[in-house]
>>> print(open('final09.cif').read())   # mmCIF, C-alpha atoms and all ligand atoms
data_model
#
loop_
_atom_site.group_PDB
_atom_site.id
_atom_site.type_symbol
_atom_site.label_atom_id
_atom_site.label_comp_id
_atom_site.auth_asym_id
_atom_site.auth_seq_id
_atom_site.Cartn_x
_atom_site.Cartn_y
_atom_site.Cartn_z
ATOM 1 C CA MET A 1 121.548 102.137 71.460
ATOM 2 C CA LYS A 2 124.524 103.957 72.973
ATOM 3 C CA LYS A 3 123.801 104.995 76.582
ATOM 4 C CA VAL A 4 125.524 107.906 78.313
ATOM 5 C CA ILE A 5 125.486 108.827 82.015
ATOM 6 C CA THR A 6 126.524 111.930 83.925
ATOM 7 C CA TYR A 7 126.278 113.011 87.572
ATOM 8 C CA GLY A 8 125.711 116.289 89.339
ATOM 9 C CA THR A 9 123.683 118.581 91.556
ATOM 10 C CA PHE A 10 122.391 120.775 88.696
ATOM 11 C CA ASP A 11 121.134 123.475 91.060
ATOM 12 C CA LEU A 12 119.923 126.833 89.668
ATOM 13 C CA LEU A 13 120.214 125.248 86.214
ATOM 14 C CA HIS A 14 122.239 127.437 83.846
ATOM 15 C CA TRP A 15 123.723 127.441 80.347
ATOM 16 C CA GLY A 16 126.919 125.731 81.528
ATOM 17 C CA HIS A 17 124.854 122.771 82.672
ATOM 18 C CA ILE A 18 122.878 122.779 79.418
ATOM 19 C CA ASN A 19 126.161 122.854 77.431
ATOM 20 C CA LEU A 20 127.326 119.775 79.356
ATOM 21 C CA LEU A 21 124.041 117.889 78.914
ATOM 22 C CA LYS A 22 123.859 118.760 75.208
ATOM 23 C CA ARG A 23 127.407 117.519 74.518
ATOM 24 C CA ALA A 24 126.898 114.414 76.678
ATOM 25 C CA LYS A 25 123.760 113.475 74.753
ATOM 26 C CA ALA A 26 125.573 114.064 71.439
ATOM 27 C CA LEU A 27 127.981 111.252 72.381
ATOM 28 C CA GLY A 28 125.184 108.664 72.278
ATOM 29 C CA ASP A 29 121.468 108.055 71.886
ATOM 30 C CA TYR A 30 120.207 108.009 75.473
ATOM 31 C CA LEU A 31 121.306 110.185 78.395
ATOM 32 C CA VAL A 32 120.862 109.187 82.030
ATOM 33 C CA VAL A 33 121.467 111.933 84.592
ATOM 34 C CA ALA A 34 122.157 110.906 88.195
ATOM 35 C CA ILE A 35 121.162 113.928 90.247
ATOM 36 C CA SER A 36 122.510 114.390 93.762
ATOM 37 C CA THR A 37 119.907 113.945 96.490
ATOM 38 C CA ASP A 38 119.708 116.596 99.215
ATOM 39 C CA GLU A 39 121.299 114.120 101.634
ATOM 40 C CA PHE A 40 124.203 113.446 99.245
ATOM 41 C CA ASN A 41 124.660 117.181 98.773
ATOM 42 C CA ASP A 42 125.186 117.381 102.542
ATOM 43 C CA LEU A 43 128.049 114.905 102.047
ATOM 44 C CA LYS A 44 129.387 117.095 99.220
ATOM 45 C CA ASN A 45 129.058 120.159 101.474
ATOM 46 C CA LYS A 46 126.746 121.648 98.860
ATOM 47 C CA LYS A 47 123.486 123.362 99.779
ATOM 48 C CA ALA A 48 121.192 123.341 96.771
ATOM 49 C CA TYR A 49 118.573 126.085 96.472
ATOM 50 C CA HIS A 50 116.078 123.742 94.764
ATOM 51 C CA SER A 51 115.048 120.459 96.400
ATOM 52 C CA PHE A 52 115.949 117.126 94.849
ATOM 53 C CA GLU A 53 112.370 116.675 93.598
ATOM 54 C CA ASN A 54 112.362 120.077 91.901
ATOM 55 C CA ARG A 55 115.866 119.680 90.433
ATOM 56 C CA LYS A 56 114.737 116.282 89.103
ATOM 57 C CA MET A 57 111.579 117.742 87.562
ATOM 58 C CA ILE A 58 113.577 120.525 85.890
ATOM 59 C CA LEU A 59 116.098 118.093 84.411
ATOM 60 C CA GLU A 60 113.348 115.768 83.158
ATOM 61 C CA ALA A 61 111.998 118.713 81.132
ATOM 62 C CA ILE A 62 115.244 119.069 79.181
ATOM 63 C CA ARG A 63 115.194 117.679 75.633
ATOM 64 C CA TYR A 64 118.689 116.122 76.003
ATOM 65 C CA VAL A 65 117.775 114.146 79.146
ATOM 66 C CA ASP A 66 116.103 110.744 78.777
ATOM 67 C CA GLU A 67 116.145 109.499 82.363
ATOM 68 C CA VAL A 68 116.919 110.921 85.792
ATOM 69 C CA ILE A 69 118.026 108.719 88.703
ATOM 70 C CA PRO A 70 119.100 109.709 92.232
ATOM 71 C CA GLU A 71 122.747 109.981 93.224
ATOM 72 C CA ASP A 72 122.983 108.976 96.876
ATOM 73 C CA THR A 73 126.638 107.962 97.261
ATOM 74 C CA TRP A 74 130.091 108.433 95.708
ATOM 75 C CA GLU A 75 130.337 104.650 95.299
ATOM 76 C CA GLN A 76 127.226 103.930 93.199
ATOM 77 C CA LYS A 77 128.670 104.799 89.786
ATOM 78 C CA LYS A 78 129.989 101.320 88.931
ATOM 79 C CA ASP A 79 126.651 99.676 89.852
ATOM 80 C CA ASP A 80 124.722 102.333 87.908
ATOM 81 C CA ILE A 81 126.896 101.758 84.825
ATOM 82 C CA ILE A 82 126.373 97.996 84.979
ATOM 83 C CA ARG A 83 122.632 98.132 85.810
ATOM 84 C CA GLU A 84 121.830 100.787 83.193
ATOM 85 C CA GLY A 85 124.099 99.230 80.522
ATOM 86 C CA ILE A 86 126.045 102.475 80.157
ATOM 87 C CA ASP A 87 128.566 102.856 77.306
ATOM 88 C CA ILE A 88 129.952 106.304 78.171
ATOM 89 C CA PHE A 89 130.467 108.092 81.498
ATOM 90 C CA VAL A 90 130.737 111.868 81.088
ATOM 91 C CA MET A 91 131.734 114.649 83.498
ATOM 92 C CA GLY A 92 132.976 118.204 83.154
ATOM 93 C CA ASP A 93 136.775 118.402 83.240
ATOM 94 C CA ASP A 94 136.811 119.950 86.696
ATOM 95 C CA TRP A 95 136.578 116.228 87.563
ATOM 96 C CA GLU A 96 139.409 115.259 85.167
ATOM 97 C CA GLY A 97 141.009 111.996 86.296
ATOM 98 C CA LYS A 98 138.752 111.515 89.325
ATOM 99 C CA PHE A 99 136.694 108.689 87.819
ATOM 100 C CA ASP A 100 139.260 106.955 85.576
ATOM 101 C CA GLU A 101 138.710 103.642 87.378
ATOM 102 C CA LEU A 102 135.301 103.470 85.642
ATOM 103 C CA ALA A 103 137.156 102.857 82.332
ATOM 104 C CA GLU A 104 137.004 99.178 83.328
ATOM 105 C CA TYR A 105 133.237 99.298 82.690
ATOM 106 C CA CYS A 106 132.665 101.995 80.025
ATOM 107 C CA ASP A 107 134.305 104.862 78.167
ATOM 108 C CA VAL A 108 135.185 107.797 80.453
ATOM 109 C CA VAL A 109 134.944 111.276 78.895
ATOM 110 C CA TYR A 110 135.731 114.613 80.564
ATOM 111 C CA LEU A 111 134.292 117.563 78.640
ATOM 112 C CA PRO A 112 135.664 121.111 78.908
ATOM 113 C CA ARG A 113 133.776 123.049 81.558
ATOM 114 C CA THR A 114 131.868 126.104 80.321
ATOM 115 C CA ILE A 115 133.783 129.178 81.439
ATOM 116 C CA GLY A 116 132.023 132.199 82.873
ATOM 117 C CA ILE A 117 129.060 130.651 84.665
ATOM 118 C CA SER A 118 128.507 128.580 87.788
ATOM 119 C CA THR A 119 125.810 128.154 90.413
ATOM 120 C CA SER A 120 128.066 129.710 93.073
ATOM 121 C CA MET A 121 128.681 132.699 90.758
ATOM 122 C CA ILE A 122 124.924 133.195 90.389
ATOM 123 C CA LYS A 123 124.408 133.040 94.149
ATOM 124 C CA LYS A 124 127.276 135.485 94.783
ATOM 125 C CA ASP A 125 126.126 137.957 92.143
ATOM 126 C CA LEU A 126 122.555 137.903 93.440
ATOM 127 C CA THR A 127 123.727 138.911 96.914
ATOM 128 C CA LYS A 128 124.995 142.164 95.334
ATOM 129 C CA VAL A 129 121.599 143.064 93.880
HETATM 130 N N1 LIG A 201 129.554 122.132 84.533
HETATM 131 C C1 LIG A 201 130.120 122.637 83.355
HETATM 132 N N2 LIG A 201 130.288 123.969 83.231
HETATM 133 C C2 LIG A 201 129.913 124.826 84.217
HETATM 134 C C3 LIG A 201 129.327 124.319 85.399
HETATM 135 C C4 LIG A 201 129.153 122.951 85.533
HETATM 136 O O1 LIG A 201 130.473 121.868 82.444
HETATM 137 N N3 LIG A 201 130.118 126.150 84.047
HETATM 138 C C5 LIG A 201 129.393 120.684 84.649
HETATM 139 C C6 LIG A 201 130.211 120.087 85.789
HETATM 140 O O2 LIG A 201 131.552 119.864 85.369
HETATM 141 C C7 LIG A 201 129.454 118.784 86.048
HETATM 142 C C8 LIG A 201 127.999 119.146 85.714
HETATM 143 O O3 LIG A 201 128.052 120.369 84.951
HETATM 144 O O4 LIG A 201 129.905 117.767 85.142
HETATM 145 C C9 LIG A 201 127.154 119.363 86.946
HETATM 146 O O5 LIG A 201 127.794 120.340 87.747
HETATM 147 P P1 LIG A 201 127.406 120.401 89.315
HETATM 148 O O6 LIG A 201 125.937 120.432 89.463
HETATM 149 O O7 LIG A 201 128.266 121.440 89.955
HETATM 150 O O8 LIG A 201 127.873 118.947 89.780
HETATM 151 P P2 LIG A 201 128.962 118.567 90.884
HETATM 152 O O9 LIG A 201 128.660 119.233 92.163
HETATM 153 O O10 LIG A 201 130.276 118.737 90.252
HETATM 154 O O11 LIG A 201 128.600 117.017 91.145
HETATM 155 O O12 LIG A 201 129.520 112.418 91.632
HETATM 156 C C10 LIG A 201 129.753 113.587 90.888
HETATM 157 C C11 LIG A 201 129.134 114.791 91.525
HETATM 158 O O13 LIG A 201 127.760 114.579 91.821
HETATM 159 C C12 LIG A 201 129.299 115.983 90.604
#
>>> encode(input="final09.cif", output="structure tokens", more="lines below")
Ligand code: C2G
Amino acid sequence: MKKVITYGTFDLLHWGHINLLKRAKALGDYLVVAISTDEFNDLKNKKAYHSFENRKMILEAIRYVDEVIPEDTWEQKKDDIIREGIDIFVMGDDWEGKFDELAEYCDVVYLPRTIGISTSMIKKDLTKV
């Protein structure tokens, strides 16, 4: 079984996120998503609209997602990959090159980001309503 992992906040889930999750799952048989906790989002200077618990519940309802784990730190990726027996690490290419050191433990794949949608765009557009 080929296991894939990806990381993110996945707030205000949208079709760009779904595109990423769908393509990540297509690279293997089992997709683990490490979702940023509210505390880690503080470190990322990101304020999610939905709580960690609710973002986790939403992701667990997606057909492409097999398991959701918490992302608490920048440094946990290597341990996650080893513990979960991950074969492929996937991120959108806005992270291109940032996680290349993980190639020591698994394949590292950056997928083209979906143009035309983002959580910040949604938030900005909704302030105009
Ligand atoms: N994404 C995408 N297309 C978009 C928006 C997002 O492909 N239009 C991808 C991002 O590239 C990322 C994933 O969806 O791979 C989740 O995006 P975010 O929730 O914004 O995650 P981010 O804040 O980038 O967190 O340790 C890594 C971080 O936790 C990544």
>>> residues_near_ligand(input="final09.cif", ligand="ligand LIG 201 (chain A)", cutoff="10 Å", atoms="all atoms listed in the file", output="ChimeraX atom specification")
/A:6-21,23-24,33-37,40-41,44-46,48,70-77,90-96,98-99,110-121
>>> closest_residue(input="final09.cif", among="A:Asp38, A:Tyr105, A:Ile81, A:Tyr64", to="A:Phe52", atoms="all atoms listed in the file")
A:Asp38
>>> resolve_selection(input="final09.cif", expression="the PyMOL selection byres (((chain A and resi 4) around 12) and not hetatm)", output="short mmCIF file (atom, residue, chain, number, x, y, z; two decimals) with C-alpha atoms, in the coordinates of the input")
data_model
loop_
_atom_site.label_atom_id
_atom_site.label_comp_id
_atom_site.auth_asym_id
_atom_site.auth_seq_id
_atom_site.Cartn_x
_atom_site.Cartn_y
_atom_site.Cartn_z
CA MET A 1 121.55 102.14 71.46
CA LYS A 2 124.52 103.96 72.97
CA LYS A 3 123.80 105.00 76.58
CA ILE A 5 125.49 108.83 82.02
CA THR A 6 126.52 111.93 83.92
CA TYR A 7 126.28 113.01 87.57
CA LEU A 21 124.04 117.89 78.91
CA LYS A 22 123.86 118.76 75.21
CA ARG A 23 127.41 117.52 74.52
CA ALA A 24 126.90 114.41 76.68
CA LYS A 25 123.76 113.48 74.75
CA ALA A 26 125.57 114.06 71.44
CA LEU A 27 127.98 111.25 72.38
CA GLY A 28 125.18 108.66 72.28
CA ASP A 29 121.47 108.06 71.89
CA TYR A 30 120.21 108.01 75.47
CA LEU A 31 121.31 110.18 78.40
CA VAL A 32 120.86 109.19 82.03
CA VAL A 33 121.47 111.93 84.59
CA ALA A 34 122.16 110.91 88.20
CA TYR A 64 118.69 116.12 76.00
CA VAL A 65 117.78 114.15 79.15
CA ASP A 66 116.10 110.74 78.78
CA GLU A 67 116.14 109.50 82.36
CA VAL A 68 116.92 110.92 85.79
CA ASP A 80 124.72 102.33 87.91
CA ILE A 81 126.90 101.76 84.82
CA ILE A 82 126.37 98.00 84.98
CA GLU A 84 121.83 100.79 83.19
CA GLY A 85 124.10 99.23 80.52
CA ILE A 86 126.04 102.48 80.16
CA ASP A 87 128.57 102.86 77.31
CA ILE A 88 129.95 106.30 78.17
CA PHE A 89 130.47 108.09 81.50
CA VAL A 90 130.74 111.87 81.09
CA MET A 91 131.73 114.65 83.50
CA CYS A 106 132.66 102.00 80.03
CA ASP A 107 134.30 104.86 78.17
CA VAL A 108 135.18 107.80 80.45
CA VAL A 109 134.94 111.28 78.90
#
>>> atom_distance(input="final09.cif", atom1="atom CA of A:Asp100", atom2="atom CA of A:Asp42")
24.4 Å
>>> atom_distance(input="final09.cif", atom1="atom CA of A:Lys47", atom2="atom CA of A:Ile122")
13.7 Å
>>> closest_residue(input="final09.cif", among="A:Glu53, A:Glu39, A:Glu104, A:Asp125", to="A:Lys78", atoms="only C-alpha atoms")
A:Glu104
>>> atom_distance(input="final09.cif", atom1="atom CA of A:Ile58", atom2="atom CA of A:Arg83")
24.2 Å
>>> build_atoms(input="final09.cif", residues="stretch 73-88 of chain A", atoms="N, CA, C and O atoms", output="PDB file, in the coordinates of the input")
ATOM      1  N   THR A  73     125.297 108.230  96.705  1.00  0.00           N
ATOM      2  CA  THR A  73     126.638 107.962  97.261  1.00  0.00           C
ATOM      3  C   THR A  73     127.703 108.195  96.183  1.00  0.00           C
ATOM      4  O   THR A  73     127.414 108.178  94.984  1.00  0.00           O
ATOM      5  N   TRP A  74     128.964 108.356  96.647  1.00  0.00           N
ATOM      6  CA  TRP A  74     130.091 108.433  95.708  1.00  0.00           C
ATOM      7  C   TRP A  74     130.299 107.081  95.030  1.00  0.00           C
ATOM      8  O   TRP A  74     130.759 106.995  93.905  1.00  0.00           O
ATOM      9  N   GLU A  75     129.926 105.997  95.738  1.00  0.00           N
ATOM     10  CA  GLU A  75     130.337 104.650  95.299  1.00  0.00           C
ATOM     11  C   GLU A  75     129.381 103.996  94.299  1.00  0.00           C
ATOM     12  O   GLU A  75     129.628 102.904  93.826  1.00  0.00           O
ATOM     13  N   GLN A  76     128.252 104.630  93.995  1.00  0.00           N
ATOM     14  CA  GLN A  76     127.226 103.930  93.199  1.00  0.00           C
ATOM     15  C   GLN A  76     127.500 103.881  91.692  1.00  0.00           C
ATOM     16  O   GLN A  76     126.795 103.179  90.958  1.00  0.00           O
ATOM     17  N   LYS A  77     128.485 104.627  91.242  1.00  0.00           N
ATOM     18  CA  LYS A  77     128.670 104.799  89.786  1.00  0.00           C
ATOM     19  C   LYS A  77     128.866 103.469  89.050  1.00  0.00           C
ATOM     20  O   LYS A  77     128.220 103.207  88.038  1.00  0.00           O
ATOM     21  N   LYS A  78     129.715 102.609  89.603  1.00  0.00           N
ATOM     22  CA  LYS A  78     129.989 101.320  88.931  1.00  0.00           C
ATOM     23  C   LYS A  78     128.681 100.515  88.798  1.00  0.00           C
ATOM     24  O   LYS A  78     128.342 100.027  87.711  1.00  0.00           O
ATOM     25  N   ASP A  79     127.920 100.438  89.890  1.00  0.00           N
ATOM     26  CA  ASP A  79     126.651  99.676  89.852  1.00  0.00           C
ATOM     27  C   ASP A  79     125.662 100.309  88.872  1.00  0.00           C
ATOM     28  O   ASP A  79     124.953  99.615  88.143  1.00  0.00           O
ATOM     29  N   ASP A  80     125.623 101.646  88.846  1.00  0.00           N
ATOM     30  CA  ASP A  80     124.722 102.333  87.908  1.00  0.00           C
ATOM     31  C   ASP A  80     125.098 101.976  86.464  1.00  0.00           C
ATOM     32  O   ASP A  80     124.233 101.685  85.627  1.00  0.00           O
ATOM     33  N   ILE A  81     126.408 102.020  86.193  1.00  0.00           N
ATOM     34  CA  ILE A  81     126.896 101.758  84.825  1.00  0.00           C
ATOM     35  C   ILE A  81     126.526 100.341  84.392  1.00  0.00           C
ATOM     36  O   ILE A  81     126.031 100.122  83.283  1.00  0.00           O
ATOM     37  N   ILE A  82     126.692  99.396  85.301  1.00  0.00           N
ATOM     38  CA  ILE A  82     126.373  97.996  84.979  1.00  0.00           C
ATOM     39  C   ILE A  82     124.855  97.813  84.851  1.00  0.00           C
ATOM     40  O   ILE A  82     124.361  97.295  83.846  1.00  0.00           O
ATOM     41  N   ARG A  83     124.105  98.312  85.822  1.00  0.00           N
ATOM     42  CA  ARG A  83     122.632  98.132  85.810  1.00  0.00           C
ATOM     43  C   ARG A  83     121.981  98.813  84.605  1.00  0.00           C
ATOM     44  O   ARG A  83     121.108  98.231  83.945  1.00  0.00           O
ATOM     45  N   GLU A  84     122.457 100.023  84.288  1.00  0.00           N
ATOM     46  CA  GLU A  84     121.830 100.787  83.193  1.00  0.00           C
ATOM     47  C   GLU A  84     122.428 100.431  81.835  1.00  0.00           C
ATOM     48  O   GLU A  84     121.974 100.962  80.813  1.00  0.00           O
ATOM     49  N   GLY A  85     123.448  99.588  81.806  1.00  0.00           N
ATOM     50  CA  GLY A  85     124.099  99.230  80.522  1.00  0.00           C
ATOM     51  C   GLY A  85     124.717 100.445  79.845  1.00  0.00           C
ATOM     52  O   GLY A  85     124.532 100.695  78.656  1.00  0.00           O
ATOM     53  N   ILE A  86     125.459 101.226  80.648  1.00  0.00           N
ATOM     54  CA  ILE A  86     126.045 102.475  80.157  1.00  0.00           C
ATOM     55  C   ILE A  86     127.285 102.208  79.306  1.00  0.00           C
ATOM     56  O   ILE A  86     128.121 101.386  79.671  1.00  0.00           O
ATOM     57  N   ASP A  87     127.387 102.957  78.190  1.00  0.00           N
ATOM     58  CA  ASP A  87     128.566 102.856  77.306  1.00  0.00           C
ATOM     59  C   ASP A  87     129.578 103.970  77.577  1.00  0.00           C
ATOM     60  O   ASP A  87     130.779 103.791  77.371  1.00  0.00           O
ATOM     61  N   ILE A  88     129.057 105.148  77.985  1.00  0.00           N
ATOM     62  CA  ILE A  88     129.952 106.304  78.171  1.00  0.00           C
ATOM     63  C   ILE A  88     129.582 107.047  79.453  1.00  0.00           C
ATOM     64  O   ILE A  88     128.427 107.412  79.649  1.00  0.00           O
TER      65      ILE A  88
END
